[in-house]
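Engineer: For reference, the structure I am asking about is given below.
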Amino acid sequence: MHMMNNYFRARASMVYMMTNNEVMNQIIAFRRDMNGMLTFMGSYPTYGRGTGTKEVSTATANDGVDPLASQGSLTLSRDGRFLLAVNAGSHSISSFIIPESGAPVLIDVKPSGGAQPNSVAVFGNLLYVSNVGNPTNNFASNITGFHIDANGRLTPIPGSTHSLSTPNAQPAQVLFTPDGSKILVSELTSNRLSIFHVNQNGTVTRPIVNNSNGMGPLGAYFLSSGILLVTEAVSNALSSYLLSRDGTLHVISGSVPNGYVTACWVATTRDERFAYTTNTLSGTISTYRIDPGGALTVVRHITSTPAGTPAGFPMDIGVSKDGRHFYTLNGNQGTVSAFTIQDDGVLVPLQVAAWTNILYFGSQGLAVL
């Protein structure tokens, strides 16, 4: 009976962001009310360092926005029990357990298996992190695997570290397929999408290397059907693909532009009828319609922050489990914009939530519980 109670306990509704602070990285927790409004709850150290405004690579503009050049730097496990954060400045990952209150409890900090981790993915008890590498090792990029136990402790998997399509391809996201059988890594600088088969023991095979349809593949998202969406930060577009069992990708809609610049992050409505991309340097969010076969059409755009207020550069995004609210981190402010999602996918601005009265650059990562 205790197990049942535990399983059905009421969970706090939360939004988490990460400061990526270079002295001590922190998780910022906001409580989310029934109407989707956010209230600052607290800041929780990761016991690792971020990069601040310093970029993980010379490949991206050094403007203090999007320093990790990634989607998935802050990730919740599918059951919402664990929150994982990358510490790109100290080459580690932090694991938190999320109790009923929603306030993250630090459980473990482990070396990431490489330099400058920037994205993390979890499937069941398996976790993979992508490492950008750094100038001293000629940007030796990789993915590295860990087992995560029931208490959130991380154990590196021997032999799980694998390089990408080339040793210096810059990873932008590591992501499991919906069934956990494969891992996708978007490679920002090589314009490739590498697919790894996951072995029984948690290691991976060498990558099946696919060319991205457009330039600068960054954020990726799998629909429950297995259709893959990928943003293109250089082509300023969104592409959709069918993933074959052998790990090859087939284009459905290739590089559908939205008319704005730097399309970097992507998430969908709960019913998967609409996708949202954040076009960071344009300060806009674009809505795409997804037809049942995965074809994409641009529907509309909205600014991340209301007209007449300081323009927010939207980055990481998340949709609430009930599908009613949409959140994005403004990388040039350290704020979170909240929206209500209407049935037709229209975003209605609710709030721009701040946890400090100082606008700052460098934060990255957003997760919605």
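Ligands are numbered from 1 in the order shown, chains are lettered A, B, ... in the order of the structure tokens, and residues start at 1 in each chain.
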Which residues of range 57-100 of chain A have any atom within 10 Å of an atom in range 147-156 of chain A when counting only C-alpha atoms, and what is the closest pair of atoms for each, with the distance in Å to one decimal? Order the rows by chain and rising number and write it as a tab-separated table.

Structural biologist:
residue	atom	partner	partner_atom	distance
A:Arg81	CA	A:Gly152	CA	8.6
A:Phe82	CA	A:Gly152	CA	6.6
A:Leu83	CA	A:Gly152	CA	8.9
A:Leu84	CA	A:Gly152	CA	9.3
A:Ile93	CA	A:Leu154	CA	9.2
A:Ser94	CA	A:Leu154	CA	9.0
A:Ser95	CA	A:Gly152	CA	6.2
A:Phe96	CA	A:Gly152	CA	6.7
A:Ile97	CA	A:Gly152	CA	6.3
A:Ile98	CA	A:Gly152	CA	9.8

Engineer: Which residues of range 158-204 of chain A come within 12 Å of range 76-79 of chain A, and for each one, what is the closest pair of atoms and their distance in Å to one decimal, counting only C-alpha atoms, sorted by chain and residue number, as a Markdown table?

Structural biologist:
| residue | atom | partner | partner_atom | distance |
| --- | --- | --- | --- | --- |
| A:Leu175 | CA | A:Ser77 | CA | 11.9 |
| A:Phe176 | CA | A:Arg78 | CA | 11.2 |
| A:Pro178 | CA | A:Arg78 | CA | 10.6 |
| A:Gly180 | CA | A:Arg78 | CA | 11.6 |

Engineer: Name the closest residue to Val352 in chain A among the candidates A:Gly334, A:Gly80, A:Gly365, A:Gly48; distances are taken between atoms, counting only C-alpha atoms.

Structural biologist: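 That would be A:Gly334, the residue with the smallest distance to Val352 in chain A.
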
Engineer: As a CSV table (one decimal) with C-alpha atoms, in the first residue's frame, please: every residue in range 90-289 of chain A that a backbone DSSP assignment puts in strand (DSSP E or B).

Structural biologist:
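Done, and the output landed in selection.csv:
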chain,number,residue,atom,x,y,z
A,92,SER,CA,30.5,17.5,-14.4
A,93,ILE,CA,26.8,16.6,-14.2
A,94,SER,CA,24.6,17.1,-11.2
A,95,SER,CA,21.7,14.9,-10.3
A,96,PHE,CA,18.8,16.1,-8.1
A,97,ILE,CA,15.8,14.2,-6.8
A,105,VAL,CA,17.6,17.9,-3.5
A,106,LEU,CA,21.2,17.4,-4.7
A,107,ILE,CA,22.1,13.7,-4.8
A,108,ASP,CA,25.3,13.3,-6.9
A,109,VAL,CA,27.9,15.2,-8.9
A,110,LYS,CA,30.1,13.2,-11.3
A,111,PRO,CA,32.7,14.0,-14.0
A,117,PRO,CA,29.1,18.9,-21.1
A,118,ASN,CA,26.2,20.7,-22.7
A,119,SER,CA,23.2,18.3,-23.0
A,120,VAL,CA,21.9,15.4,-21.1
A,121,ALA,CA,19.2,12.7,-21.8
A,122,VAL,CA,17.6,10.1,-19.6
A,123,PHE,CA,15.7,6.9,-20.5
A,126,LEU,CA,20.2,5.1,-18.5
A,127,LEU,CA,21.6,8.6,-18.9
A,128,TYR,CA,23.8,10.0,-21.7
A,129,VAL,CA,25.6,13.3,-21.7
A,130,SER,CA,27.2,15.1,-24.7
A,131,ASN,CA,30.6,16.7,-24.2
A,142,ASN,CA,31.8,12.7,-27.3
A,143,ILE,CA,28.8,11.2,-25.6
A,144,THR,CA,29.2,9.2,-22.3
A,145,GLY,CA,26.8,6.9,-20.6
A,146,PHE,CA,25.8,6.5,-16.9
A,147,HIS,CA,23.4,4.3,-15.0
A,148,ILE,CA,21.1,6.3,-12.6
A,154,LEU,CA,25.2,8.1,-11.1
A,155,THR,CA,27.6,5.4,-12.1
A,156,PRO,CA,29.7,5.7,-15.3
A,162,HIS,CA,31.9,7.4,-28.1
A,163,SER,CA,33.0,10.1,-30.4
A,171,PRO,CA,27.1,18.3,-30.1
A,172,ALA,CA,24.1,20.5,-29.6
A,173,GLN,CA,21.7,17.9,-28.1
A,174,VAL,CA,21.7,14.2,-27.0
A,175,LEU,CA,18.3,12.6,-27.1
A,176,PHE,CA,16.8,9.2,-26.8
A,182,LYS,CA,18.6,4.7,-30.1
A,183,ILE,CA,20.3,8.0,-29.3
A,184,LEU,CA,20.3,11.0,-31.6
A,185,VAL,CA,23.0,13.7,-31.4
A,186,SER,CA,22.6,16.9,-33.4
A,187,GLU,CA,26.0,18.2,-34.5
A,192,ARG,CA,25.1,16.1,-39.2
A,193,LEU,CA,22.7,14.0,-37.2
A,194,SER,CA,24.4,11.0,-35.7
A,195,ILE,CA,22.3,8.0,-34.6
A,196,PHE,CA,23.7,5.5,-32.1
A,197,HIS,CA,22.1,2.1,-31.4
A,198,VAL,CA,21.9,1.4,-27.6
A,204,VAL,CA,26.4,2.3,-27.9
A,208,ILE,CA,25.1,6.0,-38.2
A,209,VAL,CA,25.9,9.4,-39.7
A,210,ASN,CA,23.1,11.4,-41.5
A,211,ASN,CA,23.4,14.8,-43.1
A,217,PRO,CA,21.1,21.6,-36.5
A,218,LEU,CA,20.6,22.4,-32.9
A,219,GLY,CA,17.4,21.5,-31.0
A,220,ALA,CA,15.7,18.2,-31.6
A,221,TYR,CA,12.4,16.6,-30.5
A,222,PHE,CA,10.8,13.2,-31.1
A,228,LEU,CA,11.9,13.7,-35.5
A,229,LEU,CA,11.9,17.5,-35.6
A,230,VAL,CA,15.2,19.4,-35.8
A,231,THR,CA,15.8,23.2,-35.7
A,232,GLU,CA,18.5,24.8,-37.9
A,237,ALA,CA,14.3,26.7,-40.2
A,238,LEU,CA,12.7,23.5,-38.9
A,239,SER,CA,13.0,20.1,-40.6
A,240,SER,CA,11.0,16.9,-40.0
A,241,TYR,CA,12.4,13.3,-40.6
A,242,LEU,CA,11.3,9.7,-40.4
A,243,LEU,CA,13.9,7.5,-38.6
A,249,LEU,CA,16.9,9.5,-41.5
A,250,HIS,CA,14.5,10.4,-44.4
A,251,VAL,CA,13.4,14.0,-44.9
A,252,ILE,CA,9.6,14.7,-44.6
A,253,SER,CA,9.7,18.5,-44.6
A,254,GLY,CA,13.1,20.0,-45.4
A,255,SER,CA,14.2,23.3,-43.8
A,256,VAL,CA,10.8,25.1,-43.6
A,257,PRO,CA,11.9,28.7,-42.9
A,263,ALA,CA,15.8,28.9,-34.8
A,264,CYS,CA,17.4,27.0,-32.0
A,265,TRP,CA,14.9,25.2,-29.7
A,266,VAL,CA,11.8,23.1,-30.4
A,267,ALA,CA,9.0,21.5,-28.4
A,268,THR,CA,5.4,20.5,-29.3
A,274,PHE,CA,1.8,22.1,-33.3
A,275,ALA,CA,5.5,22.7,-32.8
A,276,TYR,CA,7.1,25.9,-31.3
A,277,THR,CA,10.6,27.1,-32.2
A,278,THR,CA,12.4,30.0,-30.5
A,279,ASN,CA,14.2,32.3,-32.9
A,284,THR,CA,10.3,35.6,-31.4
A,285,ILE,CA,8.5,32.2,-31.1
A,286,SER,CA,7.2,30.6,-34.3
A,287,THR,CA,4.3,28.1,-34.4
A,288,TYR,CA,4.4,25.3,-37.0
A,289,ARG,CA,1.5,23.0,-37.8

Engineer: Can you list, as an MDAnalysis selection string, every protein, DNA or RNA residue that comes within 10 Å of Gln333 in chain A when you count only C-alpha atoms, leaving out same-chain residues fewer than 6 positions away?

Structural biologist: chainID A and resid 65 310:314 354 356:363

Engineer: I'd like the neighbourhood of Ser320 in chain A as JSON, numbers by chain, where a residue qualifies if any of its atoms comes within 9 Å (using only C-alpha atoms), though same-chain residues fewer than 5 positions away should be ignored.

Structural biologist: {"A": [13, 14, 15, 36, 269, 270, 325, 326, 327, 368, 369]}

Engineer: Restricting the calculation to only C-alpha atoms: of A:Met18, A:Ala353, A:Ala85, A:Ala59, which residue gets closest to Asp316 in chain A?

Structural biologist: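 Of all the options, A:Met18 lies closest to Asp316 in chain A.
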
Engineer: Go ahead and compute the interatomic distance for CA of Thr46 in chain A and CA of Met24 in chain A, in Å to one decimal.

Structural biologist: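 Distance between the two atoms: 7.2 Å.
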
Engineer: Report the residues of range 89-287 of chain A whose backbone DSSP state falls under helix (DSSP H, G or I), written as a PyMOL selection string.

Structural biologist: chain A and resi 135-137+280-282

Engineer: Next, write the just-selected residues to a file, as an mmCIF file, in the first residue's frame, keeping N, CA and C atoms as the atom set.

Structural biologist:
data_model
loop_
_atom_site.group_PDB
_atom_site.id
_atom_site.type_symbol
_atom_site.label_atom_id
_atom_site.label_comp_id
_atom_site.auth_asym_id
_atom_site.auth_seq_id
_atom_site.Cartn_x
_atom_site.Cartn_y
_atom_site.Cartn_z
ATOM 1 N N PRO A 135 39.556 23.514 -26.395
ATOM 2 C CA PRO A 135 40.684 23.785 -27.300
ATOM 3 C C PRO A 135 41.921 22.934 -27.000
ATOM 4 N N THR A 136 42.178 22.649 -25.715
ATOM 5 C CA THR A 136 43.401 21.905 -25.372
ATOM 6 C C THR A 136 43.366 20.474 -25.892
ATOM 7 N N ASN A 137 42.159 19.907 -26.057
ATOM 8 C CA ASN A 137 42.117 18.553 -26.632
ATOM 9 C C ASN A 137 41.545 18.588 -28.058
ATOM 10 N N THR A 280 15.980 32.927 -31.410
ATOM 11 C CA THR A 280 16.564 33.664 -30.299
ATOM 12 C C THR A 280 16.859 35.125 -30.596
ATOM 13 N N LEU A 281 17.700 35.370 -31.593
ATOM 14 C CA LEU A 281 18.152 36.743 -31.824
ATOM 15 C C LEU A 281 17.061 37.630 -32.430
ATOM 16 N N SER A 282 15.952 37.014 -32.887
ATOM 17 C CA SER A 282 14.797 37.790 -33.369
ATOM 18 C C SER A 282 13.828 38.094 -32.228
#

Engineer: Using only C-alpha atoms, which residue out of A:Asn168, A:Asn213, A:Ser235, A:Asn332 lies closest to Thr53 in chain A?

Structural biologist: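 Going through A:Asn168, A:Asn213, A:Ser235, A:Asn332 one by one, the smallest distance to Thr53 in chain A is for A:Asn332.
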